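Enquirer: One structure, as structure tokens, below. Some questions next.
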Amino acid sequence: MISMKVLVEVFANLQEKLGWASRYVEVDAQEIDLANLIKYVQDLYDLISKETGRDLENLLDNYLVFVNGIHAQFKGGLQTLLRDGDKVSIFPPAAGG
Amino acid sequence: MPGGYIGKIARVNLWNSRVSCESLCESTLMKWIGGRGLGVYLALKEIPPKADPFGPLNKAYVMTGPLTGILGVPASGRWCSVTKSPLTNTIHDAQSGGKFGPYLKFAGFDAIVLEEVSQHPVYLWVHDGKVEIRDACHLWGADTHATTDAIVEELSAEVGKSEAKDIKVACIGPAGENLSRIACIINDKARAAGRGGHGAVWGSKKVKAIAVYGREKPPIANQSKFSEVVKEAMRKIKESPVTSESLPKYGTAILVNIINNAGIFPTRNFQTGVFPDARLISGETIASTTIDWEKQREEVCWGCPIGCARYSRITKPPFTGEGGGPEYETVWSFGAHTGVSDLAAVSKAHFLTNELGLDAISAGHVIGTLMELVQRGKVPEDVLRGLKVEWGNGEALVELVWRMAYRSGIGCDLAEGAKRLAEKYGAPELAMVVRGQELPAYDPRGVQGHGLAYATSNRGGCHLRAYLISPEVLGVPKLVDRFDIKDKGPLVKEFQDVFAVVDSLVVCKFDTFALWTDDFTKFMNAVTGWELSSKDLELIGERIYNAERVFNILSFGDGKEYDTLPKRLLEEPMPEGPSKGRVVKLDEMLNDYYKARGWINGRPTRAKLEELGLKWAADLLEDEGLLPG
Ligand code: SF4
């Protein structure tokens, strides 16, 4: 039985490399942490684990990751618990002005 | 003369058509560098602070810095304009890219000072160490593209057809001639000394354009050290994914989705921070739909390894057109701020502001102000002459840009900027301005430090005095909590001082995504031959910031009363999104900021000014009874 659904969005060159901009990830659990959720998205995990490590340990240094619009660093880092209806947004490093 | 500089500035008295040349004094340069810093110093010495910005006593400084036009210094193809602003009454500098800056130096000058007013339209022909004043009656009324083309055509007869491509032109359009307080100076057709109405100051002086051309090269004092520094800087720029990949590929508008996702993308005149259609005007969409990659390469500023510039083409009616841009700030001002999600309309409005000579941030912003005034029933219908001024209407957006430039109907009020517009229609609280200048594309309710940076900006509402978005959102150089107010005072001060140096060198601020004070110090020393420390450079930045504040105090009594934000941002909680419920907690941050600055109630003390070598500025304040404490 599927009990939670999280929206994963990617931006800029991640969109180009993966060929998609957003997708829903369905997990049979009440909650899941950020690192484990990303492992559910195989092509995304394959792509970013190359630079950020098998356990995505350097994810937050290499990418800008928001959970519901808030930096993951200020939510609980890779262990941030996600629940049904949450949104994860991943941006490559960017700036402008 | 130290390396980097040409060593000469030209003063142009427009009233009696006299040109005189002066050499630069090394001890002054060591205190103020060039660009913004030197311009501010000269302005504080020479412009009576209460002078009418449109009168003969105001001056317009066309500045370069010691790193301008030095091949190898990343993104050194810039120049800056300094004047007393008709929008804010503050001292004001506006920075621009393109190719004009380096060519001013190649023409034999570090700076040009426009003094007095001319009796008829003129343009300056600056070449090979000479400045000629030429008639521009035939150019008055022309847009910036037509003006540039006509001048290059005219002068190509003198330099030869093959050399004509190296004539670079900065000019004003109809908006500047019509003294719009948000008129800009456009160089290389699409690069703007944008904010604060500098184009209108040129217009008041009847200076239509400055054309530059020459082959002089600024010297480098220590070539071997310089080569090393260049190598190291280029390595950092290549290693940074921001400067090597994101900016070149997606331009500054890569920020649209990030800022919108954080719930701080000001929408419908800062009524909320979430724009549901942001994706349609994002850098990703521009890069895959409207950009012309071939022309994009030509748009990149001189000597820039980053290349964030855009060139777009809209082929489908009714908004057909092409030109440089749009950038993050303009897709916001003409997009989310006015509720328009049609990239074609947004791009068209942007092209027009370049052609007509309007600041694209303020132009879009003031249209958003009008839309809210209309939403709240403050504007009588007949004033709009049948135009449907409502959120999201791209047709109205484009039409209003035309009207603004020519001061036609309601356009006459728009040309005055958001503050004067909102006051005229009885709702001053709807003007999202600081010191009279329209705020740019970040809602500070979700970025506290950035709010403090807006409030304390000497030139009014601006994101580039201190770009706290870097640490608060983008994590550059290090992520800090955007909702926290702790330590934001000293952080804002540090950014303001470093950016004052960057603006004085004169290089692009996008360098700062890969380089910081130590790198700039190394460049500065290798090029000039001086031996300054990073601390010295920071002190120069602080000196500049204090001198600007002194000018403002003498101009209109600047101080704590002006270090504030529109009521909406201080009192109305963000209604939705990730920043929901937040307001800017300004007071506490402001106290920390003043402590870090050594100011009392927004004014520098005598002790602070003397510490910075500005005893003479303290005396000016004291003479007027404006010294605090
Ligand atoms: S980064 Fe962009 S704005 Fe800065 S110098 Fe390069 S092209 Fe110009």
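Chain labels run A, B, ... following the order of the structure tokens; each chain numbers its residues from 1, and ligands are numbered from 1 in the order shown.
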List the spatial neighbours of Thr320 (chain B) as a VMD selection string - criterion: any atom at most 9 Å away, only C-alpha atoms, same-chain residues fewer than 5 positions off excluded.

Expert: chain B and resid 313 to 315 344 to 345 348

Enquirer: Suppose we keep all heavy atoms; can you now write the selection as a PDB file, in the first residue's frame?

Expert:
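Final file, part-v1.pdb:
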```pdb
ATOM      1  N   ARG B 313      15.446  36.769 -29.135  1.00  0.00           N
ATOM      2  CA  ARG B 313      14.669  37.131 -30.329  1.00  0.00           C
ATOM      3  C   ARG B 313      13.243  36.609 -30.139  1.00  0.00           C
ATOM      4  O   ARG B 313      13.037  35.441 -29.800  1.00  0.00           O
ATOM      5  CB  ARG B 313      15.326  36.482 -31.548  1.00  0.00           C
ATOM      6  CG  ARG B 313      14.640  36.794 -32.846  1.00  0.00           C
ATOM      7  CD  ARG B 313      15.442  36.352 -34.049  1.00  0.00           C
ATOM      8  NE  ARG B 313      16.571  37.239 -34.294  1.00  0.00           N
ATOM      9  CZ  ARG B 313      17.841  36.873 -34.365  1.00  0.00           C
ATOM     10  NH1 ARG B 313      18.150  35.620 -34.183  1.00  0.00           N
ATOM     11  NH2 ARG B 313      18.787  37.742 -34.595  1.00  0.00           N
ATOM     12  N   ILE B 314      12.286  37.503 -30.366  1.00  0.00           N
ATOM     13  CA  ILE B 314      10.876  37.104 -30.310  1.00  0.00           C
ATOM     14  C   ILE B 314      10.346  37.200 -31.743  1.00  0.00           C
ATOM     15  O   ILE B 314      10.368  38.279 -32.347  1.00  0.00           O
ATOM     16  CB  ILE B 314      10.057  38.043 -29.388  1.00  0.00           C
ATOM     17  CG1 ILE B 314      10.689  38.125 -27.987  1.00  0.00           C
ATOM     18  CG2 ILE B 314       8.593  37.601 -29.316  1.00  0.00           C
ATOM     19  CD1 ILE B 314      10.703  36.847 -27.195  1.00  0.00           C
ATOM     20  N   THR B 315       9.889  36.093 -32.257  1.00  0.00           N
ATOM     21  CA  THR B 315       9.512  36.077 -33.673  1.00  0.00           C
ATOM     22  C   THR B 315       8.000  36.089 -33.896  1.00  0.00           C
ATOM     23  O   THR B 315       7.537  36.337 -34.994  1.00  0.00           O
ATOM     24  CB  THR B 315      10.108  34.829 -34.362  1.00  0.00           C
ATOM     25  OG1 THR B 315       9.773  33.694 -33.577  1.00  0.00           O
ATOM     26  CG2 THR B 315      11.617  34.932 -34.480  1.00  0.00           C
ATOM     27  N   ALA B 344       7.372  36.722 -24.109  1.00  0.00           N
ATOM     28  CA  ALA B 344       7.485  37.601 -25.276  1.00  0.00           C
ATOM     29  C   ALA B 344       7.224  39.055 -24.870  1.00  0.00           C
ATOM     30  O   ALA B 344       7.977  39.968 -25.239  1.00  0.00           O
ATOM     31  CB  ALA B 344       6.498  37.162 -26.357  1.00  0.00           C
ATOM     32  N   ALA B 345       6.172  39.285 -24.085  1.00  0.00           N
ATOM     33  CA  ALA B 345       5.855  40.652 -23.642  1.00  0.00           C
ATOM     34  C   ALA B 345       6.955  41.194 -22.729  1.00  0.00           C
ATOM     35  O   ALA B 345       7.381  42.350 -22.840  1.00  0.00           O
ATOM     36  CB  ALA B 345       4.512  40.675 -22.914  1.00  0.00           C
ATOM     37  N   LYS B 348       9.968  42.023 -24.830  1.00  0.00           N
ATOM     38  CA  LYS B 348       9.722  43.229 -25.627  1.00  0.00           C
ATOM     39  C   LYS B 348       9.868  44.485 -24.761  1.00  0.00           C
ATOM     40  O   LYS B 348      10.490  45.477 -25.158  1.00  0.00           O
ATOM     41  CB  LYS B 348       8.313  43.172 -26.225  1.00  0.00           C
ATOM     42  CG  LYS B 348       7.934  44.357 -27.090  1.00  0.00           C
ATOM     43  CD  LYS B 348       8.669  44.335 -28.407  1.00  0.00           C
ATOM     44  CE  LYS B 348       8.334  45.537 -29.275  1.00  0.00           C
ATOM     45  NZ  LYS B 348       9.004  45.485 -30.574  1.00  0.00           N
TER      46      LYS B 348
END
```

Enquirer: Residues within 8 Å of ligand 1 should be enumerated using only C-alpha atoms and all ligand atoms and returned as a compact mmCIF listing (two decimals) with N, CA, C and O atoms, in the first residue's frame.

Expert:
```txt
# COMPACT_ATOMS: atom_id res chain seq x y z
N PRO B 74 39.67 39.19 -14.89
CA PRO B 74 38.36 38.70 -15.31
C PRO B 74 37.27 39.78 -15.18
O PRO B 74 37.19 40.44 -14.14
N ALA B 75 36.48 39.93 -16.22
CA ALA B 75 35.31 40.82 -16.21
C ALA B 75 35.68 42.27 -15.89
O ALA B 75 35.06 42.91 -15.05
N SER B 76 36.70 42.77 -16.57
CA SER B 76 37.17 44.14 -16.31
C SER B 76 36.74 45.10 -17.43
O SER B 76 37.37 46.12 -17.64
N GLY B 77 35.67 44.76 -18.13
CA GLY B 77 35.22 45.60 -19.25
C GLY B 77 34.15 46.58 -18.85
O GLY B 77 33.22 46.84 -19.60
N ARG B 78 34.27 47.16 -17.65
CA ARG B 78 33.14 47.95 -17.17
C ARG B 78 33.51 49.41 -16.97
O ARG B 78 34.66 49.81 -17.04
N SER B 96 28.13 49.79 -15.35
CA SER B 96 27.69 49.21 -16.61
C SER B 96 28.77 48.34 -17.23
O SER B 96 29.97 48.60 -17.06
N GLY B 97 28.35 47.33 -17.99
CA GLY B 97 29.29 46.43 -18.66
C GLY B 97 29.51 46.84 -20.10
O GLY B 97 29.60 48.02 -20.42
N GLY B 98 29.60 45.85 -20.98
CA GLY B 98 29.80 46.13 -22.40
C GLY B 98 31.26 46.33 -22.74
O GLY B 98 32.14 45.64 -22.21
N THR B 243 30.40 30.32 -11.91
CA THR B 243 30.94 31.19 -12.96
C THR B 243 31.31 30.43 -14.23
O THR B 243 31.43 31.01 -15.30
N LEU B 247 26.07 30.56 -14.86
CA LEU B 247 25.89 31.90 -15.44
C LEU B 247 26.02 31.90 -16.96
O LEU B 247 25.16 32.48 -17.64
N GLY B 251 22.37 32.37 -17.71
CA GLY B 251 22.29 33.80 -17.41
C GLY B 251 21.84 34.04 -15.99
O GLY B 251 21.64 33.10 -15.20
N GLU B 299 27.39 39.67 -27.18
CA GLU B 299 26.87 40.51 -26.09
C GLU B 299 27.75 40.51 -24.86
O GLU B 299 27.65 41.39 -24.00
N VAL B 300 28.61 39.49 -24.75
CA VAL B 300 29.42 39.35 -23.53
C VAL B 300 30.34 40.57 -23.38
O VAL B 300 30.90 41.07 -24.35
N CYS B 301 30.48 41.03 -22.13
CA CYS B 301 31.31 42.22 -21.88
C CYS B 301 32.77 41.94 -22.22
O CYS B 301 33.23 40.80 -22.16
N TRP B 302 33.49 43.02 -22.48
CA TRP B 302 34.91 42.95 -22.83
C TRP B 302 35.69 42.19 -21.74
O TRP B 302 35.48 42.44 -20.54
N GLY B 303 36.54 41.28 -22.17
CA GLY B 303 37.44 40.60 -21.23
C GLY B 303 36.75 39.73 -20.20
O GLY B 303 37.31 39.50 -19.13
N CYS B 304 35.56 39.23 -20.52
CA CYS B 304 34.84 38.47 -19.49
C CYS B 304 34.88 36.97 -19.77
O CYS B 304 34.39 36.52 -20.80
N PRO B 305 35.43 36.18 -18.85
CA PRO B 305 35.43 34.73 -19.03
C PRO B 305 34.14 34.08 -18.54
O PRO B 305 33.96 32.87 -18.70
N ILE B 306 33.24 34.87 -17.94
CA ILE B 306 32.01 34.28 -17.39
C ILE B 306 30.91 34.29 -18.46
O ILE B 306 30.38 33.26 -18.83
N GLY B 307 30.59 35.50 -18.96
CA GLY B 307 29.67 35.58 -20.09
C GLY B 307 28.22 35.29 -19.74
O GLY B 307 27.59 34.41 -20.32
N CYS B 308 27.68 36.05 -18.78
CA CYS B 308 26.29 35.81 -18.38
C CYS B 308 25.29 36.45 -19.36
O CYS B 308 24.10 36.19 -19.29
N ALA B 309 25.79 37.29 -20.28
CA ALA B 309 24.90 38.10 -21.13
C ALA B 309 23.95 37.24 -21.96
O ALA B 309 24.26 36.10 -22.31
N VAL B 507 35.46 46.31 -11.59
CA VAL B 507 35.23 44.99 -12.19
C VAL B 507 33.80 44.53 -11.90
O VAL B 507 33.11 45.12 -11.08
N CYS B 508 33.41 43.45 -12.57
CA CYS B 508 32.04 42.96 -12.43
C CYS B 508 31.86 42.25 -11.08
O CYS B 508 32.71 41.47 -10.65
N LYS B 509 30.73 42.49 -10.45
CA LYS B 509 30.47 41.87 -9.14
C LYS B 509 30.33 40.36 -9.25
O LYS B 509 30.42 39.65 -8.25
N PHE B 510 30.09 39.86 -10.46
CA PHE B 510 29.95 38.42 -10.58
C PHE B 510 31.28 37.72 -10.36
O PHE B 510 31.32 36.51 -10.13
N ASP B 511 32.38 38.47 -10.44
CA ASP B 511 33.67 37.92 -10.02
C ASP B 511 33.60 37.42 -8.58
O ASP B 511 34.28 36.47 -8.21
```

Enquirer: Could you name the residues that touch region 283-294 of chain B at 6 Å or less, counting only C-alpha atoms, but leaving out those on the same chain fewer than 4 positions away, as number ranges by chain?

Expert: A: 12; B: 250, 253-254, 311-313

Enquirer: Counting only C-alpha atoms, a student should be able to say which residues of chain B come within 6 Å of chain A; what is the right answer, written as a VMD selection string?

Expert: chain B and resid 242 246 252 261 to 262 284 578

Enquirer: Please, what distance in Å, to one decimal, runs between CA of Leu384 (chain B) and CA of Ala396 (chain B)?

Expert: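 Here the two named atoms are 10.1 Å from each other.
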
Enquirer: Using Å and a single decimal, report how far CA of Ala360 (chain B) sits from CA of Lys165 (chain B).

Expert: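 Between these atoms lies a distance of 26.6 Å.
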
Enquirer: Could you write out, as a PyMOL selection string, all the residues of region 111-200 of chain B that DSSP marks as helix (DSSP H, G or I)?

Expert: chain B and resi 137-139+144-159+161-166+174-177+195-200

Enquirer: Write a file of the just-selected residues containing N, CA and C atoms, as an mmCIF file, in the first residue's frame.

Expert:
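What ended up in result-v3.cif:
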```
data_model
loop_
_atom_site.group_PDB
_atom_site.id
_atom_site.type_symbol
_atom_site.label_atom_id
_atom_site.label_comp_id
_atom_site.auth_asym_id
_atom_site.auth_seq_id
_atom_site.Cartn_x
_atom_site.Cartn_y
_atom_site.Cartn_z
ATOM 1 N N CYS B 137 22.347 68.179 -32.487
ATOM 2 C CA CYS B 137 20.944 68.561 -32.724
ATOM 3 C C CYS B 137 20.246 67.518 -33.592
ATOM 4 N N HIS B 138 20.977 66.990 -34.566
ATOM 5 C CA HIS B 138 20.367 66.018 -35.482
ATOM 6 C C HIS B 138 20.090 64.680 -34.805
ATOM 7 N N LEU B 139 20.677 64.467 -33.630
ATOM 8 C CA LEU B 139 20.477 63.185 -32.941
ATOM 9 C C LEU B 139 19.419 63.270 -31.846
ATOM 10 N N THR B 144 18.442 54.946 -28.580
ATOM 11 C CA THR B 144 19.860 54.662 -28.321
ATOM 12 C C THR B 144 20.511 53.861 -29.458
ATOM 13 N N HIS B 145 19.723 53.016 -30.120
ATOM 14 C CA HIS B 145 20.300 52.240 -31.221
ATOM 15 C C HIS B 145 20.580 53.145 -32.410
ATOM 16 N N ALA B 146 19.592 53.971 -32.747
ATOM 17 C CA ALA B 146 19.765 54.881 -33.885
ATOM 18 C C ALA B 146 20.915 55.856 -33.608
ATOM 19 N N THR B 147 21.006 56.338 -32.375
ATOM 20 C CA THR B 147 22.069 57.276 -32.017
ATOM 21 C C THR B 147 23.440 56.620 -32.177
ATOM 22 N N THR B 148 23.562 55.404 -31.647
ATOM 23 C CA THR B 148 24.840 54.684 -31.733
ATOM 24 C C THR B 148 25.234 54.487 -33.200
ATOM 25 N N ASP B 149 24.281 54.001 -33.998
ATOM 26 C CA ASP B 149 24.586 53.746 -35.414
ATOM 27 C C ASP B 149 24.976 55.030 -36.139
ATOM 28 N N ALA B 150 24.241 56.117 -35.877
ATOM 29 C CA ALA B 150 24.510 57.376 -36.588
ATOM 30 C C ALA B 150 25.895 57.917 -36.221
ATOM 31 N N ILE B 151 26.258 57.831 -34.955
ATOM 32 C CA ILE B 151 27.566 58.356 -34.533
ATOM 33 C C ILE B 151 28.705 57.514 -35.118
ATOM 34 N N VAL B 152 28.541 56.203 -35.067
ATOM 35 C CA VAL B 152 29.596 55.336 -35.626
ATOM 36 C C VAL B 152 29.750 55.620 -37.123
ATOM 37 N N GLU B 153 28.626 55.783 -37.799
ATOM 38 C CA GLU B 153 28.652 56.072 -39.239
ATOM 39 C C GLU B 153 29.380 57.396 -39.502
ATOM 40 N N GLU B 154 28.997 58.409 -38.730
ATOM 41 C CA GLU B 154 29.602 59.735 -38.880
ATOM 42 C C GLU B 154 31.114 59.696 -38.670
ATOM 43 N N LEU B 155 31.533 58.984 -37.621
ATOM 44 C CA LEU B 155 32.949 59.010 -37.245
ATOM 45 C C LEU B 155 33.786 58.024 -38.050
ATOM 46 N N SER B 156 33.118 57.086 -38.689
ATOM 47 C CA SER B 156 33.894 56.107 -39.461
ATOM 48 C C SER B 156 34.619 56.806 -40.614
ATOM 49 N N ALA B 157 34.078 57.929 -41.050
ATOM 50 C CA ALA B 157 34.747 58.696 -42.103
ATOM 51 C C ALA B 157 36.101 59.197 -41.593
ATOM 52 N N GLU B 158 36.212 59.387 -40.268
ATOM 53 C CA GLU B 158 37.458 59.930 -39.717
ATOM 54 C C GLU B 158 38.471 58.848 -39.335
ATOM 55 N N VAL B 159 37.964 57.726 -38.838
ATOM 56 C CA VAL B 159 38.920 56.695 -38.402
ATOM 57 C C VAL B 159 39.115 55.607 -39.456
ATOM 58 N N LYS B 161 36.772 52.988 -42.304
ATOM 59 C CA LYS B 161 35.685 52.001 -42.174
ATOM 60 C C LYS B 161 36.089 50.777 -41.358
ATOM 61 N N SER B 162 37.323 50.299 -41.564
ATOM 62 C CA SER B 162 37.716 49.059 -40.897
ATOM 63 C C SER B 162 37.888 49.259 -39.384
ATOM 64 N N GLU B 163 38.150 50.492 -38.966
ATOM 65 C CA GLU B 163 38.357 50.771 -37.540
ATOM 66 C C GLU B 163 37.046 51.093 -36.821
ATOM 67 N N ALA B 164 35.998 51.369 -37.618
ATOM 68 C CA ALA B 164 34.763 51.901 -37.024
ATOM 69 C C ALA B 164 34.155 50.965 -35.980
ATOM 70 N N LYS B 165 34.397 49.671 -36.133
ATOM 71 C CA LYS B 165 33.823 48.722 -35.160
ATOM 72 C C LYS B 165 34.392 48.952 -33.752
ATOM 73 N N ASP B 166 35.516 49.634 -33.667
ATOM 74 C CA ASP B 166 36.107 49.906 -32.357
ATOM 75 C C ASP B 166 35.712 51.263 -31.784
ATOM 76 N N PRO B 174 15.240 58.901 -25.662
ATOM 77 C CA PRO B 174 14.201 59.908 -25.393
ATOM 78 C C PRO B 174 13.899 60.066 -23.905
ATOM 79 N N ALA B 175 13.994 58.985 -23.127
ATOM 80 C CA ALA B 175 13.668 59.087 -21.693
ATOM 81 C C ALA B 175 14.617 60.056 -20.990
ATOM 82 N N GLY B 176 15.889 59.983 -21.332
ATOM 83 C CA GLY B 176 16.863 60.892 -20.725
ATOM 84 C C GLY B 176 16.633 62.332 -21.181
ATOM 85 N N GLU B 177 16.334 62.505 -22.457
ATOM 86 C CA GLU B 177 16.046 63.855 -22.966
ATOM 87 C C GLU B 177 14.830 64.446 -22.258
ATOM 88 N N ARG B 195 20.571 52.555 -12.836
ATOM 89 C CA ARG B 195 19.686 53.032 -11.789
ATOM 90 C C ARG B 195 19.885 54.522 -11.494
ATOM 91 N N GLY B 196 18.868 55.138 -10.923
ATOM 92 C CA GLY B 196 19.034 56.467 -10.344
ATOM 93 C C GLY B 196 18.911 57.659 -11.270
ATOM 94 N N GLY B 197 18.580 57.435 -12.541
ATOM 95 C CA GLY B 197 18.296 58.582 -13.409
ATOM 96 C C GLY B 197 19.513 59.300 -13.962
ATOM 97 N N HIS B 198 20.649 58.582 -14.105
ATOM 98 C CA HIS B 198 21.846 59.231 -14.660
ATOM 99 C C HIS B 198 21.607 59.730 -16.081
ATOM 100 N N GLY B 199 20.754 59.017 -16.819
ATOM 101 C CA GLY B 199 20.444 59.441 -18.192
ATOM 102 C C GLY B 199 19.770 60.801 -18.218
ATOM 103 N N ALA B 200 18.962 61.073 -17.185
ATOM 104 C CA ALA B 200 18.288 62.370 -17.128
ATOM 105 C C ALA B 200 19.275 63.487 -16.787
#
```

Enquirer: DSSP on the backbone: which residues in region 5-79 of chain A end up as strand (DSSP E or B)? Give the answer as a list in words.

Expert: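 Secondary structure check on region 5-79 of chain A, strand (DSSP E or B): Lys5, Val6, Leu7, Val8, Glu9, Val10, Ser22, Arg23, Tyr24, Val25, Glu26, Val27, Glu31, Ile32, Asp33, Leu64, Val65, Phe66, Val67, Ile70 and His71 of chain A.
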
Enquirer: Which residues come within 10 Å of Leu14 (chain A), counting only C-alpha atoms, excluding same-chain residues fewer than 3 positions away, as JSON, numbers by chain?

Expert: {"A": [9, 10, 11, 17, 18, 19, 20, 21, 44, 47, 48, 90, 91, 92]}

Enquirer: What would the file look like if the residues just selected were written as a short mmCIF file (atom, residue, chain, number, x, y, z; two decimals), in the first residue's frame with all heavy atoms?

Expert:
```cif
data_model
loop_
_atom_site.label_atom_id
_atom_site.label_comp_id
_atom_site.auth_asym_id
_atom_site.auth_seq_id
_atom_site.Cartn_x
_atom_site.Cartn_y
_atom_site.Cartn_z
N GLU A 9 11.76 18.07 -7.62
CA GLU A 9 11.97 18.95 -8.77
C GLU A 9 13.46 19.14 -8.97
O GLU A 9 14.20 19.26 -7.98
CB GLU A 9 11.43 20.36 -8.51
CG GLU A 9 9.97 20.48 -8.20
CD GLU A 9 9.64 21.95 -7.88
OE1 GLU A 9 10.45 22.63 -7.22
OE2 GLU A 9 8.59 22.40 -8.31
N VAL A 10 13.90 19.19 -10.22
CA VAL A 10 15.30 19.51 -10.50
C VAL A 10 15.34 20.69 -11.47
O VAL A 10 14.37 20.95 -12.19
CB VAL A 10 16.07 18.31 -11.09
CG1 VAL A 10 16.11 17.16 -10.10
CG2 VAL A 10 15.46 17.87 -12.42
N PHE A 11 16.48 21.39 -11.49
CA PHE A 11 16.56 22.62 -12.30
C PHE A 11 17.85 22.68 -13.11
O PHE A 11 18.78 21.92 -12.88
CB PHE A 11 16.44 23.84 -11.38
CG PHE A 11 15.09 23.91 -10.71
CD1 PHE A 11 14.87 23.29 -9.50
CD2 PHE A 11 14.02 24.55 -11.34
CE1 PHE A 11 13.62 23.32 -8.89
CE2 PHE A 11 12.78 24.58 -10.74
CZ PHE A 11 12.57 23.97 -9.52
N LYS A 17 20.29 17.04 -18.17
CA LYS A 17 20.95 15.73 -18.09
C LYS A 17 19.96 14.60 -17.84
O LYS A 17 20.14 13.49 -18.32
CB LYS A 17 22.00 15.75 -16.97
CG LYS A 17 23.22 16.60 -17.35
CD LYS A 17 24.25 16.62 -16.23
CE LYS A 17 25.36 17.62 -16.53
NZ LYS A 17 26.12 17.97 -15.34
N LEU A 18 18.91 14.90 -17.09
CA LEU A 18 17.97 13.83 -16.73
C LEU A 18 16.79 13.72 -17.69
O LEU A 18 16.13 12.69 -17.77
CB LEU A 18 17.44 14.06 -15.30
CG LEU A 18 18.48 13.94 -14.20
CD1 LEU A 18 17.96 14.50 -12.89
CD2 LEU A 18 18.91 12.48 -14.04
N GLY A 19 16.52 14.83 -18.38
CA GLY A 19 15.40 14.82 -19.32
C GLY A 19 14.04 14.96 -18.66
O GLY A 19 13.01 14.67 -19.25
N TRP A 20 14.02 15.34 -17.41
CA TRP A 20 12.74 15.63 -16.75
C TRP A 20 12.93 16.78 -15.76
O TRP A 20 14.06 17.08 -15.36
CB TRP A 20 12.17 14.40 -16.06
CG TRP A 20 13.08 13.68 -15.10
CD1 TRP A 20 13.94 12.65 -15.41
CD2 TRP A 20 13.24 13.92 -13.69
NE1 TRP A 20 14.62 12.24 -14.28
CE2 TRP A 20 14.21 12.99 -13.20
CE3 TRP A 20 12.66 14.80 -12.78
CZ2 TRP A 20 14.62 12.94 -11.87
CZ3 TRP A 20 13.05 14.75 -11.45
CH2 TRP A 20 14.02 13.84 -11.00
N ALA A 21 11.82 17.44 -15.39
CA ALA A 21 11.90 18.59 -14.50
C ALA A 21 11.33 18.29 -13.12
O ALA A 21 11.77 18.84 -12.12
CB ALA A 21 11.16 19.78 -15.11
N LEU A 44 18.47 10.11 -10.96
CA LEU A 44 18.98 11.27 -10.22
C LEU A 44 20.09 10.83 -9.27
O LEU A 44 21.16 11.45 -9.20
CB LEU A 44 17.82 11.92 -9.43
CG LEU A 44 18.21 13.05 -8.48
CD1 LEU A 44 18.79 14.24 -9.25
CD2 LEU A 44 16.98 13.53 -7.68
N LEU A 47 23.28 10.05 -11.11
CA LEU A 47 23.96 11.26 -11.59
C LEU A 47 24.67 11.99 -10.46
O LEU A 47 25.85 12.31 -10.56
CB LEU A 47 22.92 12.19 -12.25
CG LEU A 47 23.47 13.47 -12.86
CD1 LEU A 47 24.27 13.15 -14.11
CD2 LEU A 47 22.33 14.42 -13.23
N ILE A 48 23.95 12.25 -9.37
CA ILE A 48 24.58 13.12 -8.37
C ILE A 48 25.46 12.37 -7.38
O ILE A 48 26.33 12.97 -6.77
CB ILE A 48 23.55 14.02 -7.64
CG1 ILE A 48 22.52 13.19 -6.89
CG2 ILE A 48 22.87 14.97 -8.58
CD1 ILE A 48 21.48 14.06 -6.19
N ILE A 90 15.99 20.59 -6.12
CA ILE A 90 17.46 20.47 -6.20
C ILE A 90 17.98 21.35 -7.34
O ILE A 90 17.57 21.20 -8.50
CB ILE A 90 17.89 19.00 -6.43
CG1 ILE A 90 17.24 18.11 -5.36
CG2 ILE A 90 19.40 18.88 -6.40
CD1 ILE A 90 17.55 16.64 -5.51
N PHE A 91 18.86 22.27 -6.99
CA PHE A 91 19.45 23.19 -7.97
C PHE A 91 20.96 22.99 -8.01
O PHE A 91 21.58 22.86 -6.96
CB PHE A 91 19.22 24.65 -7.55
CG PHE A 91 17.80 25.00 -7.24
CD1 PHE A 91 17.28 24.80 -5.97
CD2 PHE A 91 16.97 25.56 -8.22
CE1 PHE A 91 15.97 25.15 -5.67
CE2 PHE A 91 15.67 25.90 -7.92
CZ PHE A 91 15.16 25.70 -6.65
N PRO A 92 21.54 23.05 -9.21
CA PRO A 92 23.00 23.09 -9.24
C PRO A 92 23.45 24.44 -8.68
O PRO A 92 22.65 25.38 -8.63
CB PRO A 92 23.33 22.99 -10.73
CG PRO A 92 22.07 23.19 -11.46
CD PRO A 92 20.92 23.10 -10.52
#
```

Enquirer: How many Å lie between CA of Pro276 (chain B) and CA of Ile469 (chain B), rounded to one decimal?

Expert: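 Those two atoms sit 21.2 Å apart.
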
Enquirer: Find the residues around region 606-609 of chain B up to 12 Å (only C-alpha atoms counted), leave out those fewer than 3 positions away in its own chain, and share them as a VMD selection string.

Expert: chain B and resid 539 542 to 550 594 to 600 603 612 to 622 626 to 629

Enquirer: Using only C-alpha atoms, find the one residue out of B:Glu576, B:Glu132, B:Glu395, B:Glu228 that sits nearest to Ile210 (chain B).

Expert: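 Among the listed residues, B:Glu132 lies closest to Ile210 (chain B).
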
Enquirer: Just want the 9 Å neighbourhood of region 526-533 of chain B, counted on only C-alpha atoms, with same-chain residues fewer than 4 positions away dropped. Output as a list in words.

Expert: Met1, Pro2, Gly3, Gly4, Tyr5, Met30, Pro66, Leu67, Ile70, Pro219, Ile220, Ala221, Asn222, Gln223, Ser224, Lys225, Phe226, Ser227, Val229, Asp518, Thr521, Lys522, Leu537 and Glu538 of chain B
